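Below is final.txt, holding compact mmCIF, C-alpha atoms and all ligand atoms.
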```
# COMPACT_ATOMS: atom_id res chain seq x y z
CA MET A 991 18.31 27.96 -104.56
CA ALA A 992 15.70 26.76 -102.05
CA LYS A 993 16.85 26.43 -98.48
CA ARG A 994 16.89 22.89 -97.17
CA ILE A 995 15.60 21.91 -93.69
CA LEU A 996 16.39 18.51 -92.24
CA ALA A 997 14.01 17.31 -89.53
CA ILE A 998 14.90 14.81 -86.82
CA CYS A 999 12.24 13.18 -84.66
CA GLY A 1000 13.20 11.87 -81.22
CA SER A 1001 10.23 9.50 -81.16
CA THR A 1002 10.10 6.32 -83.23
CA LYS A 1003 6.46 5.67 -82.32
CA THR A 1004 3.94 5.39 -85.17
CA ASN A 1005 1.89 8.61 -85.42
CA SER A 1006 3.82 10.11 -82.53
CA THR A 1007 2.93 13.58 -81.33
CA ASN A 1008 6.41 14.77 -82.26
CA SER A 1009 6.22 13.37 -85.78
CA LEU A 1010 2.80 15.03 -86.20
CA LEU A 1011 4.33 18.35 -85.13
CA LEU A 1012 7.05 17.85 -87.74
CA GLN A 1013 4.36 17.17 -90.35
CA MET A 1014 2.73 20.48 -89.38
CA LEU A 1015 6.11 22.21 -89.79
CA GLU A 1016 6.55 20.55 -93.17
CA GLU A 1017 3.19 21.97 -94.28
CA LEU A 1018 4.09 25.40 -92.88
CA SER A 1019 7.40 25.36 -94.76
CA LEU A 1020 5.74 24.76 -98.16
CA GLY A 1021 6.93 27.44 -100.58
CA LYS A 1022 9.57 28.60 -98.09
CA ALA A 1023 12.03 25.71 -97.91
CA GLU A 1024 12.56 22.08 -98.85
CA PHE A 1025 11.76 19.89 -95.88
CA GLU A 1026 13.02 16.36 -95.33
CA GLN A 1027 12.75 14.01 -92.34
CA TYR A 1028 15.73 11.86 -91.41
CA ASP A 1029 15.10 8.49 -89.72
CA ILE A 1030 17.69 8.22 -86.92
CA SER A 1031 16.44 4.80 -85.80
CA THR A 1032 18.63 3.08 -88.42
CA LEU A 1033 21.88 4.42 -86.96
CA PRO A 1034 24.09 1.90 -85.12
CA PHE A 1035 24.92 2.45 -81.46
CA PHE A 1036 27.65 5.00 -80.96
CA ASN A 1037 31.08 3.44 -80.47
CA PRO A 1038 34.21 5.64 -80.16
CA ASP A 1039 36.21 2.84 -81.84
CA ASN A 1040 34.31 3.57 -85.09
CA ASP A 1041 34.19 7.33 -84.69
CA ASN A 1042 36.82 7.92 -87.39
CA GLU A 1043 37.33 7.43 -91.14
CA ASN A 1044 35.97 3.88 -90.67
CA ALA A 1045 32.61 5.12 -89.39
CA PRO A 1046 29.64 3.02 -90.56
CA GLN A 1047 28.09 4.14 -93.88
CA GLU A 1048 24.80 5.12 -92.16
CA VAL A 1049 26.78 7.48 -89.92
CA ILE A 1050 28.66 9.00 -92.87
CA ASP A 1051 25.29 9.56 -94.62
CA PHE A 1052 23.78 11.11 -91.49
CA ARG A 1053 26.69 13.53 -91.06
CA ASP A 1054 26.52 14.45 -94.77
CA GLN A 1055 22.79 15.14 -94.54
CA ILE A 1056 23.39 17.50 -91.62
CA GLN A 1057 26.27 19.24 -93.35
CA ASN A 1058 24.25 19.68 -96.57
CA ALA A 1059 21.19 21.12 -94.80
CA ASP A 1060 20.77 24.85 -94.25
CA ALA A 1061 19.03 24.21 -90.94
CA ILE A 1062 17.95 21.35 -88.68
CA ILE A 1063 14.77 20.95 -86.66
CA ILE A 1064 14.82 18.50 -83.76
CA CYS A 1065 11.45 17.60 -82.22
CA THR A 1066 11.46 15.15 -79.35
CA PRO A 1067 9.61 13.83 -76.31
CA GLU A 1068 11.20 13.45 -72.87
CA TYR A 1069 11.82 9.90 -71.66
CA ALA A 1070 12.63 9.26 -68.00
CA PHE A 1071 13.60 12.90 -67.38
CA SER A 1072 16.06 12.87 -70.27
CA LEU A 1073 16.44 12.65 -74.06
CA PRO A 1074 15.24 9.45 -75.77
CA GLY A 1075 18.22 7.12 -76.28
CA VAL A 1076 17.74 7.04 -80.05
CA LEU A 1077 18.21 10.82 -80.26
CA LYS A 1078 21.14 10.97 -77.82
CA ASN A 1079 22.78 8.17 -79.81
CA ALA A 1080 22.42 10.09 -83.09
CA LEU A 1081 23.81 13.27 -81.54
CA GLU A 1082 26.81 11.40 -80.09
CA TRP A 1083 27.86 10.47 -83.65
CA THR A 1084 28.12 14.20 -84.47
CA VAL A 1085 30.33 15.34 -81.57
CA SER A 1086 33.73 14.67 -83.18
CA SER A 1087 32.64 15.46 -86.75
CA SER A 1088 31.56 19.04 -85.87
CA SER A 1089 28.61 18.50 -88.25
CA PHE A 1090 26.43 20.88 -86.24
CA SER A 1091 29.06 23.58 -85.79
CA GLY A 1092 27.46 26.97 -86.64
CA LYS A 1093 24.35 25.24 -88.06
CA PRO A 1094 21.04 27.02 -87.39
CA VAL A 1095 18.77 24.67 -85.44
CA ALA A 1096 15.27 24.75 -83.98
CA LEU A 1097 14.76 22.67 -80.86
CA ILE A 1098 11.31 21.47 -79.82
CA VAL A 1099 10.46 19.27 -76.87
CA ALA A 1100 6.84 18.11 -76.96
CA SER A 1101 6.05 15.95 -73.97
CA SER A 1102 3.91 15.57 -70.87
CA HIS A 1103 6.29 17.78 -68.88
CA GLY A 1104 9.60 17.87 -70.75
CA GLU A 1105 11.63 20.47 -68.80
CA LYS A 1106 14.61 18.16 -68.25
CA ALA A 1107 14.81 17.06 -71.89
CA PHE A 1108 14.45 20.69 -72.97
CA GLU A 1109 17.39 21.68 -70.76
CA SER A 1110 19.42 18.63 -71.77
CA LEU A 1111 18.85 19.12 -75.51
CA GLN A 1112 20.02 22.73 -75.29
CA LEU A 1113 23.15 21.67 -73.34
CA VAL A 1114 24.02 19.02 -75.92
CA MET A 1115 23.40 21.35 -78.86
CA LYS A 1116 25.46 24.09 -77.23
CA ILE A 1117 28.45 21.78 -76.74
CA ILE A 1118 28.30 20.72 -80.41
CA GLU A 1119 28.19 24.43 -81.35
CA ALA A 1120 24.77 24.51 -83.02
CA SER A 1121 23.29 27.97 -83.49
CA PHE A 1122 20.01 28.72 -81.68
CA ASP A 1123 18.38 31.24 -79.36
CA GLY A 1124 15.11 31.75 -77.48
CA SER A 1125 13.22 32.33 -80.73
CA THR A 1126 14.19 28.90 -82.09
CA THR A 1127 13.48 26.81 -78.98
CA LEU A 1128 10.03 25.63 -77.93
CA LEU A 1129 8.75 23.52 -75.03
CA ILE A 1130 5.22 22.16 -75.53
CA GLN A 1131 3.95 20.68 -72.28
CA GLY A 1132 0.86 18.46 -72.24
CA ALA A 1133 1.67 18.05 -75.92
CA LYS A 1134 -0.89 15.38 -76.87
CA ALA A 1135 -3.80 17.65 -75.94
CA LYS A 1136 -2.30 20.67 -77.71
CA ILE A 1137 -1.45 19.12 -81.07
CA SER A 1138 -4.45 20.59 -82.91
CA ASN A 1139 -4.57 23.94 -81.03
CA ALA A 1140 -4.43 27.12 -83.09
CA GLU A 1141 -1.90 28.38 -80.51
CA THR A 1142 0.41 25.43 -81.23
CA LYS A 1143 0.26 26.13 -84.96
CA ASP A 1144 1.02 29.82 -84.32
CA LYS A 1145 4.02 28.92 -82.15
CA LEU A 1146 5.35 26.53 -84.80
CA GLU A 1147 4.96 29.20 -87.46
CA GLU A 1148 6.82 31.76 -85.29
CA LEU A 1149 9.62 29.27 -84.68
CA LEU A 1150 9.88 28.41 -88.38
CA ASN A 1151 10.03 32.11 -89.33
CA ALA A 1152 12.78 32.70 -86.75
CA LEU A 1153 14.71 29.72 -88.11
CA MET A 1154 14.36 31.05 -91.68
CA GLU A 1155 15.77 34.39 -90.46
CA ASN A 1156 18.72 32.62 -88.76
CA MET A 1157 19.45 30.79 -92.04
CA LYS A 1158 20.03 34.09 -93.79
CA GLN A 1159 22.79 35.19 -91.41
C1 LIG B 1 9.44 5.24 -71.56
C2 LIG B 1 8.73 6.56 -71.41
C3 LIG B 1 9.19 7.47 -70.48
C4 LIG B 1 8.58 8.72 -70.38
N1 LIG B 1 9.09 9.63 -69.49
C5 LIG B 1 8.62 10.90 -69.51
C6 LIG B 1 9.23 11.92 -68.72
O1 LIG B 1 10.18 11.70 -68.01
N2 LIG B 1 8.73 13.18 -68.83
C7 LIG B 1 7.67 13.50 -69.65
O2 LIG B 1 7.32 14.66 -69.76
N3 LIG B 1 7.05 12.54 -70.38
C8 LIG B 1 7.49 11.27 -70.32
N4 LIG B 1 6.91 10.29 -71.10
C9 LIG B 1 5.71 10.65 -71.85
C10 LIG B 1 6.05 11.07 -73.26
O3 LIG B 1 7.01 12.06 -73.30
C11 LIG B 1 4.77 11.61 -73.92
O4 LIG B 1 3.85 10.55 -73.99
C12 LIG B 1 5.03 12.18 -75.30
O5 LIG B 1 3.89 12.84 -75.74
C13 LIG B 1 5.42 11.10 -76.28
O6 LIG B 1 5.73 11.71 -77.50
P1 LIG B 1 5.51 10.93 -78.88
O7 LIG B 1 4.01 10.74 -79.03
O8 LIG B 1 6.06 11.86 -79.90
O9 LIG B 1 6.23 9.63 -78.80
C14 LIG B 1 7.47 9.04 -71.18
C15 LIG B 1 7.02 8.09 -72.11
C16 LIG B 1 7.62 6.88 -72.24
C17 LIG B 1 7.13 5.89 -73.27
```
Any chance you could put this one into structure tokens?
Ligand SMILES: Cc1cc2nc3c(=O)[nH]c(=O)nc-3n(C[C@H](O)[C@H](O)[C@H](O)COP(=O)(O)O)c2cc1C
Amino acid sequence: MAKRILAICGSTKTNSTNSLLLQMLEELSLGKAEFEQYDISTLPFFNPDNDNENAPQEVIDFRDQIQNADAIIICTPEYAFSLPGVLKNALEWTVSSSSFSGKPVALIVASSHGEKAFESLQLVMKIIEASFDGSTTLLIQGAKAKISNAETKDKLEELLNALMENMKQ
């Protein structure tokens, strides 16, 4: 059965650099895996009071999608030296559910600078026990100017291949 990759974009902007990078990854994954983007902007704000069997339906769906995927790709900009709120919010809903536990992930920060978000994303994903290493993390600085570079495409392809390898284990 075909492997299934779920992609999460940390930017909700129309034609965002990060969503374009995910589109490139979708094209690169053709024939290798099924690729689906999940829109995290519809999730309610995290509230520990609802972080139980009464979680909102959108949250239950989100957790199911993660659990049913063979791997997850997160691609995000940095906002104010941190992760965009919409992404942090989505990840907070997965802390208690262990949805990411042992799940192969690829983590991309594409931003002007992005070092802080890159560090922060890896810290968050480590604490929720996602599985990644240096071959499945990528920081693209000055991202807008690099979107159509051959080097960017090569790096995305390398990352996707490494993720496919991690899915096998
Ligand atoms: C509110 C806001 C805050 C930002 N803060 C940072 C920042 O701290 N570091 C950085 O590298 N880029 C920062 N940026 C720039 C974005 O990360 C950059 O424009 C990125 O390419 C946007 O990605 P997108 O096109 O996928 O939305 C900020 C942008 C916005 C809108």
Test item: residues lying within 9 Å of ligand LIG 1 (chain B) with only C-alpha atoms and all ligand atoms, as a PyMOL selection string = chain A and resi 999-1011+1065-1074+1099-1107+1131-1134
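Checking A:Met1014, A:Ile1098, A:Leu1020, A:Val1085 one by one against Ile998 in chain A, counting only C-alpha atoms, you find the shortest gap at A:Ile1098.
Among A:Ile1137, A:Met1115, A:Leu1149, A:Met1154, the residue with the shortest atom-to-atom distance to Glu1082 in chain A, counting all atoms listed in the file, is A:Met1115.
When all atoms listed in the file are used to compute distances to Pro1094 in chain A, the closest of the residues A:Asn1037, A:Thr1126, A:Asn1151, A:Ser1110 turns out to be A:Thr1126.
The shortest atom-to-atom distance to Lys1116 in chain A, with all atoms listed in the file taken into account, belongs to A:Lys1093 out of A:Lys1022, A:Arg994, A:Lys1093, A:Arg1053.
Picture a line from CA of Gln1112 in chain A to CA of Phe1035 in chain A; it runs 21.8 Å.
Within 12 Å of the point (18.8, 31.1, -104.4), counting all atoms listed in the file, the protein and nucleic acid residues come to Met991, Ala992, Lys993, Arg994, Lys1022, Ala1023 and Lys1158 of chain A.
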Keeping only C-alpha atoms, write the selected residues to a file as a PDB file, keeping the file's coordinate frame.
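Saved the output as out.pdb:
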```pdb
ATOM      1  CA  MET A 991      18.310  27.960-104.560  1.00  0.00           C
ATOM      2  CA  ALA A 992      15.700  26.760-102.050  1.00  0.00           C
ATOM      3  CA  LYS A 993      16.850  26.430 -98.480  1.00  0.00           C
ATOM      4  CA  ARG A 994      16.890  22.890 -97.170  1.00  0.00           C
ATOM      5  CA  LYS A1022       9.570  28.600 -98.090  1.00  0.00           C
ATOM      6  CA  ALA A1023      12.030  25.710 -97.910  1.00  0.00           C
ATOM      7  CA  LYS A1158      20.030  34.090 -93.790  1.00  0.00           C
TER       8      LYS A1158
END
```
As a check of understanding: the span from CA of Ile1050 in chain A to CA of Ser1019 in chain A is 26.9 Å
If you take every atom of range 1074-1082 of chain A that the file lists and fit an axis-aligned box around them with 8 Å extra on each side, what centre and edge lengths come out in Å to one decimal, as lines of an AutoDock Vina configuration file?
```
center_x = 21.0
center_y = 10.2
center_z = -79.4
size_x = 27.6
size_y = 22.2
size_z = 23.3
```
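Of the residues under consideration (A:Glu1026, A:Asp1123, A:Asp1051, A:Asp1039), A:Asp1123 shows the shortest atom-to-atom contact distance to Asn1156 in chain A when counting all atoms listed in the file.
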Name the residues within 7 Å of (24.9, 25.1, -81.2), counting only C-alpha atoms in the file's coordinates, and put them as a ChimeraX atom specification.
-> /A:1090-1093,1115-1122
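Among the candidate residues A:Ile1130, A:Ala1152, A:Ile1056, A:Val1076, the one lying nearest to Ser1088 in chain A is A:Ile1056, with distances computed using all atoms listed in the file.
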Can you work out the spacing between CA of Leu1113 in chain A and CA of Glu1017 in chain A in Å, to one decimal?
-> 28.9 Å
10 Å contact set for Pro1034 in chain A, all atoms listed in the file, chain neighbours under 5 positions out, as a PyMOL selection string = chain A and resi 1046-1049+1076+1079-1080+1083
If we count all atoms listed in the file, what is near Ile995 in chain A at a cut-off of 10 Å, once residues fewer than 6 positions away on the same chain are taken out, given as a PyMOL selection string?
-> chain A and resi 1016+1019+1023-1027+1055-1056+1058-1063+1094-1095+1153-1154+1157
